[in-house]
Amino acid sequence: MTARPASPAASPTGSTDAAITRELEAWFPAAARALPWRTSPRDPYNALVAEAMLQQTQVSRVIDRYTAFIARFPRVNDLAGASEGDVLAMWSGLGYYRRARLLHAAAKAIVTDHHGVVPHDPEVLRSLQGVGRYTAGAITSIAFDRPAPIVDGNVRRVLMRLHGRAFAPDDRDAERWAWTRASELVHASASPAVFNEALMELGATVCVPPPAAPRCDQCPWAGRCNARREGTTNQIPAPKAAAKQRVVCCISLLARDARGRFLVEQRPSSGMWAGMWQLPTLERETRWPDDAAIRDFAAIRGLNLPTPAEPLGTFTHQTTHRIVRFRVLAASPIACNRKSASRTWVDSFDGLGVSSAQQRALALGITPGRGQTTTPSSRPTPARRSPRR
Ligand code: ADE
């Protein structure tokens with residue numbers, strides 16, 4: 001459990017923290033979105049899965065994946081006993097696959113070290129892989145209704161606006177201040193579960209970041225919000241410089257055998273899309289590989305490319321740090337068996353961990369509209385820049 005703050009902080013408008021938190025808690029029941037992990041009572045394992053998925057991913061993208069994941073692994077023992085391939089397959093399309101591996105490791109540790117019971121103490125939770133301060137606070141408060149603070153981009157923005165605190169983007173005090181304030185408030189709340197979730201909800205649906213306009217008319221704190229009074233809502237928090245994105249160029253080969261199966265490979269166990277399955281894909285930083293390199297790459301896999309190569313289409317996939325350009329080419333098998341542990345022929349991607357970019361590459365070969373060029377692609381919504389909603 002986190003230590004209770006020494007003295008309750010005075011509010012910007014003179015009310016006690018208890019009064020402030022009651023306002024938000026009273027607002028939440030009618031304002032809360034119906035989300036599949038918001039069950040009554042809350043299940044700590046379900047909360048762990050939801051919070052792992054919600055790291056860096058928007059709520060709307062998580063909903064279906066969460067439901068399918070829980071149906072496949074209903075209890076922590078089911079997840080702990082699953083193969084990594086099955087876990088990654090159930091994570092398909094969510095991006096940031098490292099989270100799936102860490103969640104899997106956390107489930108195993110809960111079974112082996114905690115008798116299959118999700119711990120409630122945030123310090124113990126943080127010993128689990130993939131569980132940082134935010135996730136530990138979320139599970140302790142939401143699943144166990146115990147006071148532990150949470151701060152993510154949404155919460156930070158709400159608190160900074162409420163107090164009219166315009167920290168510079170690189171000011172490290174901002175983070176410290178936000179955690180302190182979140183801790184003071186959650187300790188003053190009637191229900192840490194309701195208060196923390198209401199705080200998340202307010203940031204996600206009402207006190208939204210630019211370019212959307214905050215819906216102050218719906219905010220239970222509108223009357224006490226310093227930023228609103230001072231007209232600084234849109235300057236808080238101060239915008240960060242955009243992250244520099246690397247460009248990666250990928251040639252994916254779509255080869256079908258006589259039975260209509262296509263060749264897939266597993267990516268290395270580290271780096272981008274680690275361990276995921278894909279069409280054979282040649283990657284280069286910044287520029288496209290030349291024709292000879294593509295043909296060599298194909299030949300090593302027992303594949304032939306027509307001359308000239310037949311493009312099935314191109315598209316661009318963006319992440320926080322990368323702009324990944326794809327060109328999908330049709331290829332045909334020339335040699336019989338080029339299978340290995342990490343390369344095989346399959347009828348579909350079903351049951352394999354596959355990135356949404358590769359789902360798209362395959363779709364270019366099997367759906368109408370071949371040869372189209374599309375940009376930009378789905379974006380796996382990195383929370384650091386686009387907050388969860
Ligand atoms: N973002 C992070 N955790 C969340 C939760 N439990 N509900 C809604 N959005 C969230």
# chains A, B, ... in the order shown; residues from 1 in each chain; ligands from 1
$ select_by_dssp --residues "range 76-298 of chain A" --states "strand (DSSP E)" --output "list of chain:residue names"
A:Arg246, A:Val247, A:Val248, A:Cys249, A:Cys250, A:Ile251, A:Ser252, A:Leu253, A:Leu254, A:Ala255, A:Phe262, A:Leu263, A:Val264, A:Glu265, A:Gln266, A:Trp277, A:Gln278, A:Thr281, A:Leu282, A:Glu283, A:Arg284, A:Glu285
$ write_last_selection --atoms "N, CA and C atoms" --output "mmCIF file, in the first residue's frame"
data_model
loop_
_atom_site.group_PDB
_atom_site.id
_atom_site.type_symbol
_atom_site.label_atom_id
_atom_site.label_comp_id
_atom_site.auth_asym_id
_atom_site.auth_seq_id
_atom_site.Cartn_x
_atom_site.Cartn_y
_atom_site.Cartn_z
ATOM 1 N N ARG A 246 11.679 6.833 -37.498
ATOM 2 C CA ARG A 246 12.546 6.190 -38.490
ATOM 3 C C ARG A 246 11.688 5.633 -39.607
ATOM 4 N N VAL A 247 12.254 5.622 -40.818
ATOM 5 C CA VAL A 247 11.518 5.029 -41.941
ATOM 6 C C VAL A 247 12.086 3.635 -42.196
ATOM 7 N N VAL A 248 11.211 2.654 -42.292
ATOM 8 C CA VAL A 248 11.624 1.286 -42.620
ATOM 9 C C VAL A 248 10.864 0.879 -43.878
ATOM 10 N N CYS A 249 11.585 0.286 -44.842
ATOM 11 C CA CYS A 249 10.948 -0.154 -46.096
ATOM 12 C C CYS A 249 10.901 -1.684 -46.110
ATOM 13 N N CYS A 250 9.737 -2.245 -46.311
ATOM 14 C CA CYS A 250 9.557 -3.700 -46.252
ATOM 15 C C CYS A 250 8.982 -4.232 -47.560
ATOM 16 N N ILE A 251 9.639 -5.263 -48.077
ATOM 17 C CA ILE A 251 9.082 -6.007 -49.210
ATOM 18 C C ILE A 251 8.539 -7.321 -48.657
ATOM 19 N N SER A 252 7.245 -7.542 -48.782
ATOM 20 C CA SER A 252 6.642 -8.806 -48.317
ATOM 21 C C SER A 252 6.281 -9.650 -49.535
ATOM 22 N N LEU A 253 6.596 -10.929 -49.458
ATOM 23 C CA LEU A 253 6.339 -11.825 -50.591
ATOM 24 C C LEU A 253 5.146 -12.713 -50.300
ATOM 25 N N LEU A 254 4.176 -12.659 -51.179
ATOM 26 C CA LEU A 254 3.004 -13.511 -51.013
ATOM 27 C C LEU A 254 3.100 -14.650 -52.011
ATOM 28 N N ALA A 255 3.464 -15.840 -51.482
ATOM 29 C CA ALA A 255 3.625 -17.014 -52.348
ATOM 30 C C ALA A 255 2.612 -18.065 -51.933
ATOM 31 N N PHE A 262 -0.095 -20.331 -48.059
ATOM 32 C CA PHE A 262 0.947 -19.331 -48.270
ATOM 33 C C PHE A 262 2.074 -19.491 -47.260
ATOM 34 N N LEU A 263 3.237 -18.999 -47.683
ATOM 35 C CA LEU A 263 4.441 -19.193 -46.864
ATOM 36 C C LEU A 263 4.512 -18.109 -45.791
ATOM 37 N N VAL A 264 4.778 -18.531 -44.553
ATOM 38 C CA VAL A 264 4.952 -17.564 -43.463
ATOM 39 C C VAL A 264 6.249 -17.867 -42.707
ATOM 40 N N GLU A 265 6.749 -16.831 -42.076
ATOM 41 C CA GLU A 265 7.977 -16.965 -41.281
ATOM 42 C C GLU A 265 7.753 -16.323 -39.923
ATOM 43 N N GLN A 266 8.524 -16.785 -38.952
ATOM 44 C CA GLN A 266 8.443 -16.149 -37.639
ATOM 45 C C GLN A 266 9.587 -15.158 -37.493
ATOM 46 N N TRP A 277 4.412 -13.794 -36.579
ATOM 47 C CA TRP A 277 4.480 -14.450 -37.878
ATOM 48 C C TRP A 277 4.171 -13.440 -38.978
ATOM 49 N N GLN A 278 4.731 -13.699 -40.166
ATOM 50 C CA GLN A 278 4.551 -12.743 -41.265
ATOM 51 C C GLN A 278 4.812 -13.421 -42.606
ATOM 52 N N THR A 281 9.530 -11.321 -45.389
ATOM 53 C CA THR A 281 9.616 -9.862 -45.531
ATOM 54 C C THR A 281 11.061 -9.399 -45.428
ATOM 55 N N LEU A 282 11.491 -8.687 -46.433
ATOM 56 C CA LEU A 282 12.848 -8.125 -46.457
ATOM 57 C C LEU A 282 12.759 -6.665 -46.033
ATOM 58 N N GLU A 283 13.538 -6.310 -45.012
ATOM 59 C CA GLU A 283 13.454 -4.958 -44.461
ATOM 60 C C GLU A 283 14.730 -4.193 -44.693
ATOM 61 N N ARG A 284 14.592 -2.910 -44.945
ATOM 62 C CA ARG A 284 15.745 -2.011 -45.045
ATOM 63 C C ARG A 284 15.416 -0.701 -44.354
ATOM 64 N N GLU A 285 16.406 -0.115 -43.719
ATOM 65 C CA GLU A 285 16.222 1.218 -43.164
ATOM 66 C C GLU A 285 16.155 2.217 -44.305
#
$ residues_around --residues "Leu162 in chain A" --least-positions-apart "2" --cutoff "10 Å" --atoms "only C-alpha atoms" --output "list in words"
Ser11, Pro12, Thr13, Arg156, Arg157, Val158, Leu159, Met160, Gly164, Arg165, Cys207, Trp221, Ala222, Gly223, Arg224, Cys225, Asn226, Ala227, Arg228, Arg229, Thr233 and Ile236 of chain A
$ residues_near_ligand --ligand "ligand 1" --cutoff "8 Å" --atoms "only C-alpha atoms and all ligand atoms" --output "CSV table (one decimal) with C-alpha atoms, in the first residue's frame"
chain,number,residue,atom,x,y,z
A,35,LEU,CA,-16.5,-1.6,-20.7
A,37,TRP,CA,-13.6,-5.3,-17.7
A,38,ARG,CA,-15.9,-3.1,-15.6
A,47,ALA,CA,-8.0,-6.1,-14.3
A,50,ALA,CA,-7.2,-5.1,-19.1
A,51,GLU,CA,-4.5,-2.8,-17.8
A,54,LEU,CA,-4.7,-0.6,-22.2
A,55,GLN,CA,-1.0,0.4,-21.9
A,58,GLN,CA,-7.0,3.0,-27.1
A,59,VAL,CA,-10.0,1.6,-25.3
A,135,THR,CA,-0.6,-0.6,-13.5
A,138,ALA,CA,-4.8,0.7,-11.1
A,142,ILE,CA,-9.8,-0.7,-9.0
A,197,GLU,CA,-11.5,5.2,-12.6
A,200,MET,CA,-9.2,8.1,-16.0
A,201,GLU,CA,-12.7,8.5,-17.5
A,204,ALA,CA,-10.4,10.1,-21.6
A,388,ARG,CA,-6.2,6.5,-24.3
A,389,ARG,CA,-9.8,7.1,-25.0
$ closest_residue --among "A:Ala361, A:Ala105, A:Ala190, A:Ile70" --to "Ser141 in chain A" --atoms "only C-alpha atoms"
A:Ala190
$ closest_residue --among "A:Val354, A:Ala212, A:Leu128, A:Ala258" --to "Val111 in chain A" --atoms "only C-alpha atoms"
A:Leu128
$ closest_residue --among "A:Glu25, A:Gln56, A:Ala89, A:Ser342" --to "Arg72 in chain A" --atoms "only C-alpha atoms"
A:Ala89
$ residues_around --residues "Asp171 in chain A" --least-positions-apart "5" --cutoff "12 Å" --atoms "only C-alpha atoms" --output "NGL selection string"
:A and (165-166 or 176-178 or 237-238 or 240)
$ atom_distance --atom1 "CA of Asn234 in chain A" --atom2 "CA of Arg322 in chain A"
27.7 Å
$ closest_residue --among "A:Arg181, A:Gly353, A:Arg256, A:Arg261" --to "Glu84 in chain A" --atoms "only C-alpha atoms"
A:Gly353
$ closest_residue --among "A:Pro36, A:Pro169, A:Gly85, A:Pro44" --to "Gly275 in chain A" --atoms "only C-alpha atoms"
A:Gly85
$ closest_residue --among "A:Trp288, A:Phe195, A:Trp179, A:Tyr45" --to "Ala106 in chain A" --atoms "only C-alpha atoms"
A:Tyr45
$ residues_around --residues "Gly137 in chain A" --least-positions-apart "4" --cutoff "12 Å" --atoms "only C-alpha atoms" --output "number ranges by chain"
A: 1-2, 47-48, 51, 119-126, 131-133, 141-152, 179, 182-183, 186, 192-193, 196-197
$ residues_around --residues "Ala71 in chain A" --least-positions-apart "6" --cutoff "12 Å" --atoms "only C-alpha atoms" --output "JSON list (two decimals) with C-alpha atoms, in the first residue's frame"
[["chain", "number", "residue", "atom", "x", "y", "z"],
["A", 36, "PRO", "CA", -16.16, -5.34, -20.55],
["A", 46, "ASN", "CA", -9.27, -9.45, -15.42],
["A", 49, "VAL", "CA", -5.24, -8.27, -18.39],
["A", 64, "ASP", "CA", -12.88, -6.97, -28.59],
["A", 65, "ARG", "CA", -9.39, -8.29, -27.98],
["A", 78, "ASP", "CA", -5.11, -20.80, -18.00],
["A", 79, "LEU", "CA", -2.85, -17.99, -19.10],
["A", 90, "MET", "CA", -4.70, -13.85, -28.89]]
$ atom_distance --atom1 "CA of Phe73 in chain A" --atom2 "CA of Leu103 in chain A"
12.1 Å
$ select_by_dssp --residues "range 146-180 of chain A" --states "helix (DSSP H, G or I)" --output "VMD selection string"
chain A and resid 153 to 163 173 to 180
$ atom_distance --atom1 "CA of Thr112 in chain A" --atom2 "CA of Gly81 in chain A"
11.1 Å
